[in-house]
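For reference, the structure discussed in these notes is given below.
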Amino acid sequence: MGARWQARSGGEVITVARTSQPPARNGSVPLYYLSNGEELKAFELMSRYDQLKASA
């Protein structure tokens, strides 16, 4: 939680506010609730955003 992501096209830095695993037909698929109000599956998150490295 709290990982920082930025849209591949640039723009604001967002964080993962929380996650959930609702049941699905093929098991369960994690949903990521982002600080900008979006709800995305893992594949969508990784397709649209780049994870930023933690600053030391």
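By order of appearance in the structure tokens: chains A, B, ..., then residues from 1 within every chain, and ligands from 1 in the order shown.
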Which residues are close to Leu31 (chain A), i.e. within 6 Å by only C-alpha atoms, leaving aside same-chain residues fewer than 6 positions away? Reply as a list in words.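 Once the nearby chain positions are removed, what remains is Thr19, Ser20, Leu40 and Lys41 of chain A.
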Could you go through chain A and tell me which residues DSSP, when run on the backbone, assigns to strand (DSSP E or B), listing them as number ranges by chain? A: 4-7, 13-20, 23-24, 27-28, 31-34, 39-41, 49-51
Do you know which residues are at most 12 Å from Glu38 (chain A) counting only C-alpha atoms, after dropping those on the same chain fewer than 2 positions away, and could you put them as number ranges by chain? A: 14-19, 31-36, 40-41, 44-45, 48
For the selection you just gave me, I'd like the residues written to a file as a CSV table (one decimal), in the first residue's frame, keeping N, CA and C atoms.
```
chain,number,residue,atom,x,y,z
A,14,ILE,N,0.0,9.3,-8.3
A,14,ILE,CA,-1.0,8.8,-7.5
A,14,ILE,C,-0.5,7.7,-6.5
A,15,THR,N,-1.3,7.3,-5.6
A,15,THR,CA,-1.0,6.2,-4.7
A,15,THR,C,-2.1,5.2,-4.7
A,16,VAL,N,-1.8,4.0,-4.2
A,16,VAL,CA,-2.8,2.9,-4.0
A,16,VAL,C,-3.4,3.2,-2.6
A,17,ALA,N,-4.6,3.6,-2.6
A,17,ALA,CA,-5.2,3.9,-1.3
A,17,ALA,C,-5.6,2.6,-0.5
A,18,ARG,N,-6.2,1.6,-1.3
A,18,ARG,CA,-6.5,0.3,-0.7
A,18,ARG,C,-6.7,-0.7,-1.8
A,19,THR,N,-6.8,-1.9,-1.4
A,19,THR,CA,-7.1,-3.0,-2.3
A,19,THR,C,-8.2,-3.9,-1.8
A,31,LEU,N,-8.5,-5.8,-6.8
A,31,LEU,CA,-8.8,-4.5,-7.3
A,31,LEU,C,-8.0,-3.5,-6.5
A,32,TYR,N,-7.5,-2.5,-7.2
A,32,TYR,CA,-6.7,-1.4,-6.6
A,32,TYR,C,-7.5,-0.1,-6.7
A,33,TYR,N,-7.7,0.5,-5.5
A,33,TYR,CA,-8.4,1.7,-5.4
A,33,TYR,C,-7.3,2.8,-5.3
A,34,LEU,N,-7.3,3.7,-6.3
A,34,LEU,CA,-6.3,4.7,-6.3
A,34,LEU,C,-6.7,6.0,-5.7
A,35,SER,N,-5.7,6.9,-5.4
A,35,SER,CA,-6.0,8.1,-4.7
A,35,SER,C,-6.7,9.1,-5.6
A,36,ASN,N,-6.8,8.9,-6.9
A,36,ASN,CA,-7.5,9.7,-7.9
A,36,ASN,C,-8.9,9.2,-8.1
A,40,LEU,N,-8.9,-0.1,-10.4
A,40,LEU,CA,-8.3,-0.9,-11.5
A,40,LEU,C,-7.9,-2.3,-11.1
A,41,LYS,N,-7.9,-3.2,-12.0
A,41,LYS,CA,-7.3,-4.5,-11.8
A,41,LYS,C,-5.8,-4.4,-12.0
A,44,GLU,N,-4.6,-3.6,-15.6
A,44,GLU,CA,-4.9,-2.3,-16.0
A,44,GLU,C,-4.0,-1.3,-15.3
A,45,LEU,N,-3.7,-1.4,-14.1
A,45,LEU,CA,-2.8,-0.5,-13.3
A,45,LEU,C,-1.4,-0.5,-14.0
A,48,ARG,N,-1.4,1.1,-17.6
A,48,ARG,CA,-1.6,2.6,-17.7
A,48,ARG,C,-0.6,3.4,-16.9
```
Take CA of Arg4 (chain A) and CA of Leu52 (chain A) and report the distance between them in Å, one decimal.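 One can read the CA of Arg4 (chain A) to CA of Leu52 (chain A) distance as 5.5 Å.
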